[in-house]
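**Q** final-v5.txt (compact mmCIF, C-alpha atoms) pasted underneath:
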```
# COMPACT_ATOMS: atom_id res chain seq x y z
CA ASP B 21 116.21 133.16 -108.40
CA GLN B 22 116.98 136.27 -106.39
CA GLN B 23 118.34 135.20 -103.04
CA VAL B 24 118.81 138.72 -101.68
CA LYS B 25 115.99 141.18 -102.17
CA GLN B 26 115.79 144.89 -101.61
CA ASN B 27 112.16 145.63 -102.34
CA SER B 28 112.35 149.42 -102.16
CA PRO B 29 114.14 150.85 -105.21
CA SER B 30 114.25 154.28 -103.60
CA LEU B 31 113.85 156.09 -100.30
CA SER B 32 113.71 159.78 -99.53
CA VAL B 33 114.23 161.25 -96.04
CA GLN B 34 114.85 164.63 -94.49
CA GLU B 35 118.24 165.58 -93.14
CA GLY B 36 118.53 164.74 -89.46
CA ARG B 37 115.88 162.03 -89.55
CA ILE B 38 116.38 158.27 -89.52
CA SER B 39 116.87 156.29 -92.74
CA ILE B 40 115.85 152.64 -92.64
CA LEU B 41 116.88 150.41 -95.51
CA ASN B 42 115.53 146.89 -95.65
CA CYS B 43 116.80 143.62 -97.07
CA ASP B 44 115.31 140.11 -97.19
CA TYR B 45 117.02 136.88 -98.06
CA THR B 46 115.83 133.41 -98.89
CA ASN B 47 118.92 131.25 -98.41
CA SER B 48 119.03 130.05 -94.81
CA MET B 49 122.68 129.07 -95.29
CA PHE B 50 123.76 132.72 -95.42
CA ASP B 51 125.68 133.55 -92.26
CA TYR B 52 127.42 136.84 -92.98
CA PHE B 53 125.79 140.01 -94.22
CA LEU B 54 127.23 143.27 -95.44
CA TRP B 55 126.04 146.71 -96.49
CA TYR B 56 127.79 148.69 -99.17
CA LYS B 57 127.26 152.27 -100.30
CA LYS B 58 127.78 153.26 -103.90
CA TYR B 59 128.08 156.68 -105.52
CA PRO B 60 127.65 157.08 -109.29
CA ALA B 61 130.71 156.11 -111.33
CA GLU B 62 132.43 154.67 -108.25
CA GLY B 63 132.77 151.21 -106.81
CA PRO B 64 130.85 150.02 -103.75
CA THR B 65 132.28 151.10 -100.41
CA PHE B 66 131.99 148.75 -97.44
CA LEU B 67 129.89 150.22 -94.62
CA ILE B 68 129.10 147.64 -91.99
CA SER B 69 128.64 143.91 -91.59
CA ILE B 70 127.02 141.44 -89.24
CA SER B 71 127.53 137.79 -88.51
CA SER B 72 124.57 135.49 -88.01
CA ILE B 73 125.62 134.90 -84.41
CA LYS B 74 124.65 138.51 -83.65
CA ASP B 75 121.42 140.42 -84.03
CA LYS B 76 122.85 143.92 -83.97
CA ASN B 77 126.04 145.70 -84.94
CA GLU B 78 126.68 149.40 -84.56
CA ASP B 79 129.29 151.71 -86.03
CA GLY B 80 128.78 155.40 -85.45
CA ARG B 81 125.63 156.55 -87.22
CA PHE B 82 125.12 153.13 -88.82
CA THR B 83 123.41 150.18 -87.17
CA VAL B 84 122.54 146.88 -88.80
CA PHE B 85 119.86 144.63 -87.34
CA LEU B 86 119.48 140.96 -88.22
CA ASN B 87 116.31 138.93 -87.70
CA LYS B 88 117.26 135.38 -88.63
CA SER B 89 113.82 133.88 -88.12
CA ALA B 90 112.35 136.38 -90.57
CA LYS B 91 115.40 136.27 -92.84
CA HIS B 92 115.45 140.03 -92.71
CA LEU B 93 118.05 142.67 -92.05
CA SER B 94 117.91 146.41 -91.95
CA LEU B 95 120.35 149.30 -91.96
CA HIS B 96 119.56 152.33 -89.81
CA ILE B 97 121.29 155.64 -90.41
CA VAL B 98 120.83 158.23 -87.66
CA PRO B 99 120.97 161.13 -88.17
CA SER B 100 120.82 161.11 -91.96
CA GLN B 101 123.02 163.59 -93.81
CA PRO B 102 122.89 164.81 -97.43
CA GLY B 103 126.24 163.10 -98.03
CA ASP B 104 124.53 159.79 -97.30
CA SER B 105 122.64 160.10 -100.59
CA ALA B 106 123.76 157.07 -102.59
CA VAL B 107 122.68 153.59 -103.62
CA TYR B 108 122.87 151.08 -100.78
CA PHE B 109 123.45 147.41 -101.50
CA CYS B 110 122.80 144.55 -99.15
CA ALA B 111 125.01 141.49 -99.68
CA ALA B 112 125.21 138.04 -98.14
CA THR B 113 127.54 135.08 -98.12
CA GLN B 114 127.78 131.69 -96.49
CA GLY B 115 130.62 129.97 -94.70
CA GLY B 116 133.11 128.36 -97.06
CA SER B 117 132.13 130.56 -99.97
CA GLU B 118 133.78 133.82 -100.93
CA LYS B 119 130.93 134.71 -103.25
CA LEU B 120 128.92 137.78 -102.25
CA VAL B 121 125.28 137.73 -103.35
CA PHE B 122 123.95 141.25 -103.80
CA GLY B 123 120.50 142.77 -103.81
CA LYS B 124 119.54 145.24 -106.51
CA GLY B 125 120.07 148.24 -104.27
CA THR B 126 118.03 151.05 -102.75
CA LYS B 127 118.67 154.63 -103.81
CA LEU B 128 118.64 156.85 -100.73
CA THR B 129 118.09 160.59 -101.10
CA VAL B 130 118.59 162.76 -98.05
CA ASN B 131 117.03 166.19 -98.54
CA PRO B 132 118.56 169.23 -96.81
CA ASN V 9 137.85 153.36 -103.09
CA ALA V 10 141.59 154.11 -103.05
CA GLY V 11 143.63 150.93 -103.12
CA VAL V 12 142.01 148.62 -105.66
CA MET V 13 143.00 149.95 -109.05
CA GLN V 14 141.13 149.07 -112.18
CA ASN V 15 141.98 150.10 -115.70
CA PRO V 16 140.83 151.23 -118.04
CA ARG V 17 137.91 153.07 -116.47
CA HIS V 18 136.05 153.07 -119.77
CA LEU V 19 136.54 150.66 -122.65
CA VAL V 20 134.79 150.71 -126.01
CA ARG V 21 134.96 147.70 -128.28
CA ARG V 22 133.25 146.64 -131.48
CA ARG V 23 131.43 143.35 -131.68
CA GLY V 24 133.87 140.49 -132.20
CA GLN V 25 136.86 142.23 -130.61
CA GLU V 26 138.57 141.26 -127.38
CA ALA V 27 138.30 143.17 -124.12
CA ARG V 28 140.97 142.98 -121.42
CA LEU V 29 140.19 144.43 -118.01
CA ARG V 30 142.91 144.84 -115.39
CA CYS V 31 142.78 144.88 -111.62
CA SER V 32 145.55 145.54 -109.12
CA PRO V 33 144.42 144.56 -105.60
CA MET V 34 145.13 146.56 -102.48
CA LYS V 35 148.60 146.17 -101.11
CA GLY V 36 148.84 143.01 -99.05
CA HIS V 37 145.67 141.50 -100.54
CA SER V 38 146.03 138.13 -102.23
CA HIS V 39 142.37 137.40 -102.92
CA VAL V 40 140.70 138.92 -105.99
CA TYR V 41 137.07 138.81 -107.05
CA TRP V 42 135.34 139.96 -110.23
CA TYR V 43 131.71 141.08 -110.36
CA ARG V 44 129.54 142.35 -113.20
CA GLN V 45 126.75 144.90 -112.88
CA LEU V 46 124.13 145.26 -115.58
CA PRO V 47 121.98 148.43 -115.65
CA GLU V 48 119.44 148.60 -112.81
CA GLU V 49 120.81 145.38 -111.33
CA GLY V 50 122.94 144.42 -108.39
CA LEU V 51 126.46 143.11 -108.72
CA LYS V 52 126.75 139.49 -109.85
CA PHE V 53 129.70 137.36 -108.82
CA MET V 54 131.84 136.05 -111.64
CA VAL V 55 135.09 134.57 -110.34
CA TYR V 56 137.35 134.34 -107.29
CA LEU V 57 141.11 133.99 -107.66
CA GLN V 58 144.18 133.75 -105.54
CA LYS V 59 147.68 134.10 -106.92
CA GLU V 60 148.02 131.72 -109.89
CA ASN V 61 144.83 129.85 -108.94
CA ILE V 62 141.17 130.08 -109.88
CA ILE V 63 139.26 129.14 -106.74
CA ASP V 64 135.63 129.62 -107.79
CA GLU V 65 134.49 130.43 -111.33
CA SER V 66 130.87 129.44 -110.87
CA GLY V 67 129.64 132.84 -112.08
CA MET V 68 131.66 132.94 -115.28
CA PRO V 69 129.88 132.39 -118.59
CA LYS V 70 131.03 129.10 -120.06
CA GLU V 71 132.41 130.59 -123.24
CA ARG V 72 134.46 133.66 -124.19
CA PHE V 73 135.25 134.71 -120.60
CA SER V 74 138.46 133.91 -118.77
CA ALA V 75 140.34 135.28 -115.78
CA GLU V 76 143.82 135.02 -114.38
CA PHE V 77 145.83 136.34 -111.47
CA PRO V 78 149.49 135.69 -112.24
CA LYS V 79 152.30 135.55 -109.75
CA GLU V 80 153.43 138.97 -110.91
CA GLY V 81 151.17 141.71 -112.18
CA PRO V 82 147.48 142.49 -112.09
CA SER V 83 144.51 140.21 -112.41
CA ILE V 84 143.08 140.14 -115.92
CA LEU V 85 139.48 139.52 -116.99
CA ARG V 86 139.40 138.69 -120.68
CA ILE V 87 136.33 138.66 -122.87
CA GLN V 88 136.82 137.29 -126.35
CA GLN V 89 134.56 138.02 -129.32
CA VAL V 90 132.50 140.54 -127.39
CA VAL V 91 128.77 140.92 -128.03
CA ARG V 92 126.37 143.74 -127.17
CA GLY V 93 125.15 141.88 -124.09
CA ASP V 94 128.63 142.13 -122.57
CA SER V 95 128.09 145.87 -122.06
CA ALA V 96 128.20 146.38 -118.30
CA ALA V 97 130.25 147.69 -115.42
CA TYR V 98 132.88 145.20 -114.27
CA PHE V 99 134.09 145.55 -110.70
CA CYS V 100 137.10 143.98 -109.10
CA ALA V 101 137.41 143.52 -105.34
CA SER V 102 140.15 142.28 -103.08
CA SER V 103 140.57 141.07 -99.53
CA PRO V 104 143.64 140.17 -97.44
CA TRP V 105 142.36 136.69 -96.80
CA GLY V 106 139.11 134.89 -97.21
CA GLY V 107 136.77 133.75 -94.49
CA GLY V 108 134.21 136.50 -94.79
CA GLN V 109 136.48 139.50 -94.59
CA PRO V 110 134.86 142.50 -96.29
CA GLN V 111 135.82 142.80 -99.91
CA HIS V 112 137.09 146.20 -101.03
CA PHE V 113 136.09 147.32 -104.49
CA GLY V 114 137.70 149.29 -107.26
CA ASP V 115 135.83 151.92 -109.24
CA GLY V 116 135.10 149.54 -112.08
CA THR V 117 135.56 149.37 -115.83
CA ARG V 118 132.60 150.41 -117.92
CA LEU V 119 132.58 148.31 -121.05
CA SER V 120 130.58 149.50 -124.04
CA ILE V 121 130.12 147.36 -127.13
CA LEU V 122 129.32 149.11 -130.41
```
Would you kindly transcribe this structure into structure tokens?
**A**
Amino acid sequence: DQQVKQNSPSLSVQEGRISILNCDYTNSMFDYFLWYKKYPAEGPTFLISISSIKDKNEDGRFTVFLNKSAKHLSLHIVPSQPGDSAVYFCAATQGGSEKLVFGKGTKLTVNP
Amino acid sequence: NAGVMQNPRHLVRRRGQEARLRCSPMKGHSHVYWYRQLPEEGLKFMVYLQKENIIDESGMPKERFSAEFPKEGPSILRIQQVVRGDSAAYFCASSPWGGGQPQHFGDGTRLSIL
């Protein structure tokens, strides 16, 4: 039972363009969502998060959008840079639980 | 990923041996979490600990796996009588307090079972 789904295993974009990574979830109790970036042989690095009381959160080149009715969130990276090439994980949790539920990840490649 | 220290980075064990994975949280963090990542999969929650207490072990296999976070020293994830299926990357994370604060991860221990 996969509660957090990232349906695109990979995404390739040109440098300077927008990268859009998508994530769907099934558990309506989730109320806090996070995006992590992971390079090979390293641990995940926290990027940005959003609470269910918001529908958008922005931090520099990274913006996360949350559509609660569709149980969908997305991460926008503008402009994309080659250093953004990594695996991006969507994660979710619900109030009272410290357990993060992760998707399987999307491998982003930004071509120079 | 500076801050959360995991060791060893790579660990090789033969079937039936014990594996001990260590995690020192970031300074000032008293909440520790362990996750396991199998190839081509996302991270799966195993256990959540605070100093001297296991808070949530709902992701731990019922047998052979145990975790502790003593008053002094690092958190330890112990796997007894390892089997091939235990081969994975094990990540530790920490946070200063709970309540949805982002968890910060170490670089993991890659466990290989011969």
**Q** Write out as a list in words which residues come within 8 Å of Arg37 of chain B when counting all atoms listed in the file, dropping same-chain ones fewer than 4 positions away.
**A** Val33, Val98, Pro99 and Ser100 of chain B
**Q** Hey, list the chain B side of the contact with chain V: 8 Å cut-off, all atoms listed in the file, answer as a list in words.
**A**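 The answer, sorted by residue number, is Tyr52, Leu54, Ala61, Glu62, Gly63, Pro64, Thr65, Phe66, Ser69, Phe109, Thr113, Gly115, Gly116, Ser117, Glu118, Lys119, Leu120, Val121, Phe122, Gly123, Lys124 and Gly125 of chain B.
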**Q** Can I get the selection written as an mmCIF file, keeping the file's coordinate frame, with C-alpha atoms?
**A**
```cif
data_model
loop_
_atom_site.group_PDB
_atom_site.id
_atom_site.type_symbol
_atom_site.label_atom_id
_atom_site.label_comp_id
_atom_site.auth_asym_id
_atom_site.auth_seq_id
_atom_site.Cartn_x
_atom_site.Cartn_y
_atom_site.Cartn_z
ATOM 1 C CA TYR B 52 127.420 136.840 -92.980
ATOM 2 C CA LEU B 54 127.230 143.270 -95.440
ATOM 3 C CA ALA B 61 130.710 156.110 -111.330
ATOM 4 C CA GLU B 62 132.430 154.670 -108.250
ATOM 5 C CA GLY B 63 132.770 151.210 -106.810
ATOM 6 C CA PRO B 64 130.850 150.020 -103.750
ATOM 7 C CA THR B 65 132.280 151.100 -100.410
ATOM 8 C CA PHE B 66 131.990 148.750 -97.440
ATOM 9 C CA SER B 69 128.640 143.910 -91.590
ATOM 10 C CA PHE B 109 123.450 147.410 -101.500
ATOM 11 C CA THR B 113 127.540 135.080 -98.120
ATOM 12 C CA GLY B 115 130.620 129.970 -94.700
ATOM 13 C CA GLY B 116 133.110 128.360 -97.060
ATOM 14 C CA SER B 117 132.130 130.560 -99.970
ATOM 15 C CA GLU B 118 133.780 133.820 -100.930
ATOM 16 C CA LYS B 119 130.930 134.710 -103.250
ATOM 17 C CA LEU B 120 128.920 137.780 -102.250
ATOM 18 C CA VAL B 121 125.280 137.730 -103.350
ATOM 19 C CA PHE B 122 123.950 141.250 -103.800
ATOM 20 C CA GLY B 123 120.500 142.770 -103.810
ATOM 21 C CA LYS B 124 119.540 145.240 -106.510
ATOM 22 C CA GLY B 125 120.070 148.240 -104.270
#
```
**Q** Skip segment 20-24 of chain V itself and residues of its chain fewer than 6 positions away, then list as a PDB file with C-alpha atoms, in the frame of the given file all residues within 12 Å of it, counting only C-alpha atoms.
**A**
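File around13.pdb, as written:
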```pdb
ATOM      1  CA  ARG V  72     134.460 133.660-124.190  1.00  0.00           C
ATOM      2  CA  ILE V  87     136.330 138.660-122.870  1.00  0.00           C
ATOM      3  CA  GLN V  88     136.820 137.290-126.350  1.00  0.00           C
ATOM      4  CA  GLN V  89     134.560 138.020-129.320  1.00  0.00           C
ATOM      5  CA  VAL V  90     132.500 140.540-127.390  1.00  0.00           C
ATOM      6  CA  VAL V  91     128.770 140.920-128.030  1.00  0.00           C
ATOM      7  CA  ARG V  92     126.370 143.740-127.170  1.00  0.00           C
ATOM      8  CA  GLY V  93     125.150 141.880-124.090  1.00  0.00           C
ATOM      9  CA  ASP V  94     128.630 142.130-122.570  1.00  0.00           C
ATOM     10  CA  SER V  95     128.090 145.870-122.060  1.00  0.00           C
ATOM     11  CA  ALA V  96     128.200 146.380-118.300  1.00  0.00           C
ATOM     12  CA  ALA V  97     130.250 147.690-115.420  1.00  0.00           C
ATOM     13  CA  THR V 117     135.560 149.370-115.830  1.00  0.00           C
ATOM     14  CA  ARG V 118     132.600 150.410-117.920  1.00  0.00           C
ATOM     15  CA  LEU V 119     132.580 148.310-121.050  1.00  0.00           C
ATOM     16  CA  SER V 120     130.580 149.500-124.040  1.00  0.00           C
ATOM     17  CA  ILE V 121     130.120 147.360-127.130  1.00  0.00           C
ATOM     18  CA  LEU V 122     129.320 149.110-130.410  1.00  0.00           C
TER      19      LEU V 122
END
```
**Q** Work out how far apart atom CA of Gln14 of chain V and atom CA of Glu60 of chain V are and give it in Å to one decimal.
**A**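 Interatomic distance, atom CA of Gln14 of chain V to atom CA of Glu60 of chain V: 18.8 Å.
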**Q** Report, in Å to a single decimal, how far apart atom CA of Asn47 of chain B and atom CA of Arg81 of chain B are.
**A**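 Computed distance, atom CA of Arg81 of chain B to atom CA of Asn47 of chain B, equals 28.5 Å.
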**Q** Excluding Pro82 of chain V and residues on its chain fewer than 4 positions from it, collect all residues at most 8 Å away from it, counting only C-alpha atoms, and give them as a list in words.
**A**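 Near Pro82 of chain V, the qualifying residues are Arg30, Cys31, Ser32, Pro33, Phe77 and Pro78 of chain V.
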**Q** Set the distance at 10 Å and use all atoms listed in the file: which residues neighbour Lys88 of chain B once local chain neighbours fewer than 6 positions away are removed? I'd like the list as a list in words.
**A**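 Near neighbours after the sequence-gap exclusion: Asp44, Tyr45, Ser48, Phe50, Asp51, Ser72, Ile73, Lys74 and Asp75 of chain B.
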**Q** Grab the residues selected above and save them as a short mmCIF file (atom, residue, chain, number, x, y, z; two decimals), in the coordinates of the input with C-alpha atoms.
**A**
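again-v4.cif, written as the output of this step:
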```
data_model
loop_
_atom_site.label_atom_id
_atom_site.label_comp_id
_atom_site.auth_asym_id
_atom_site.auth_seq_id
_atom_site.Cartn_x
_atom_site.Cartn_y
_atom_site.Cartn_z
CA ASP B 44 115.31 140.11 -97.19
CA TYR B 45 117.02 136.88 -98.06
CA SER B 48 119.03 130.05 -94.81
CA PHE B 50 123.76 132.72 -95.42
CA ASP B 51 125.68 133.55 -92.26
CA SER B 72 124.57 135.49 -88.01
CA ILE B 73 125.62 134.90 -84.41
CA LYS B 74 124.65 138.51 -83.65
CA ASP B 75 121.42 140.42 -84.03
#
```
**Q** Around (123.2, 142.5, -89.1) in the file's own coordinates, what residues are found within 8 Å if you use all atoms listed in the file, given back as a PyMOL selection string?
**A** chain B and resi 53-54+69-72+74-77+83-87+93-95
**Q** What does the distance from atom CA of Tyr108 of chain B to atom CA of Pro132 of chain B come to in Å, to one decimal?
**A**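 Computing it gives 19.1 Å between the two atoms.
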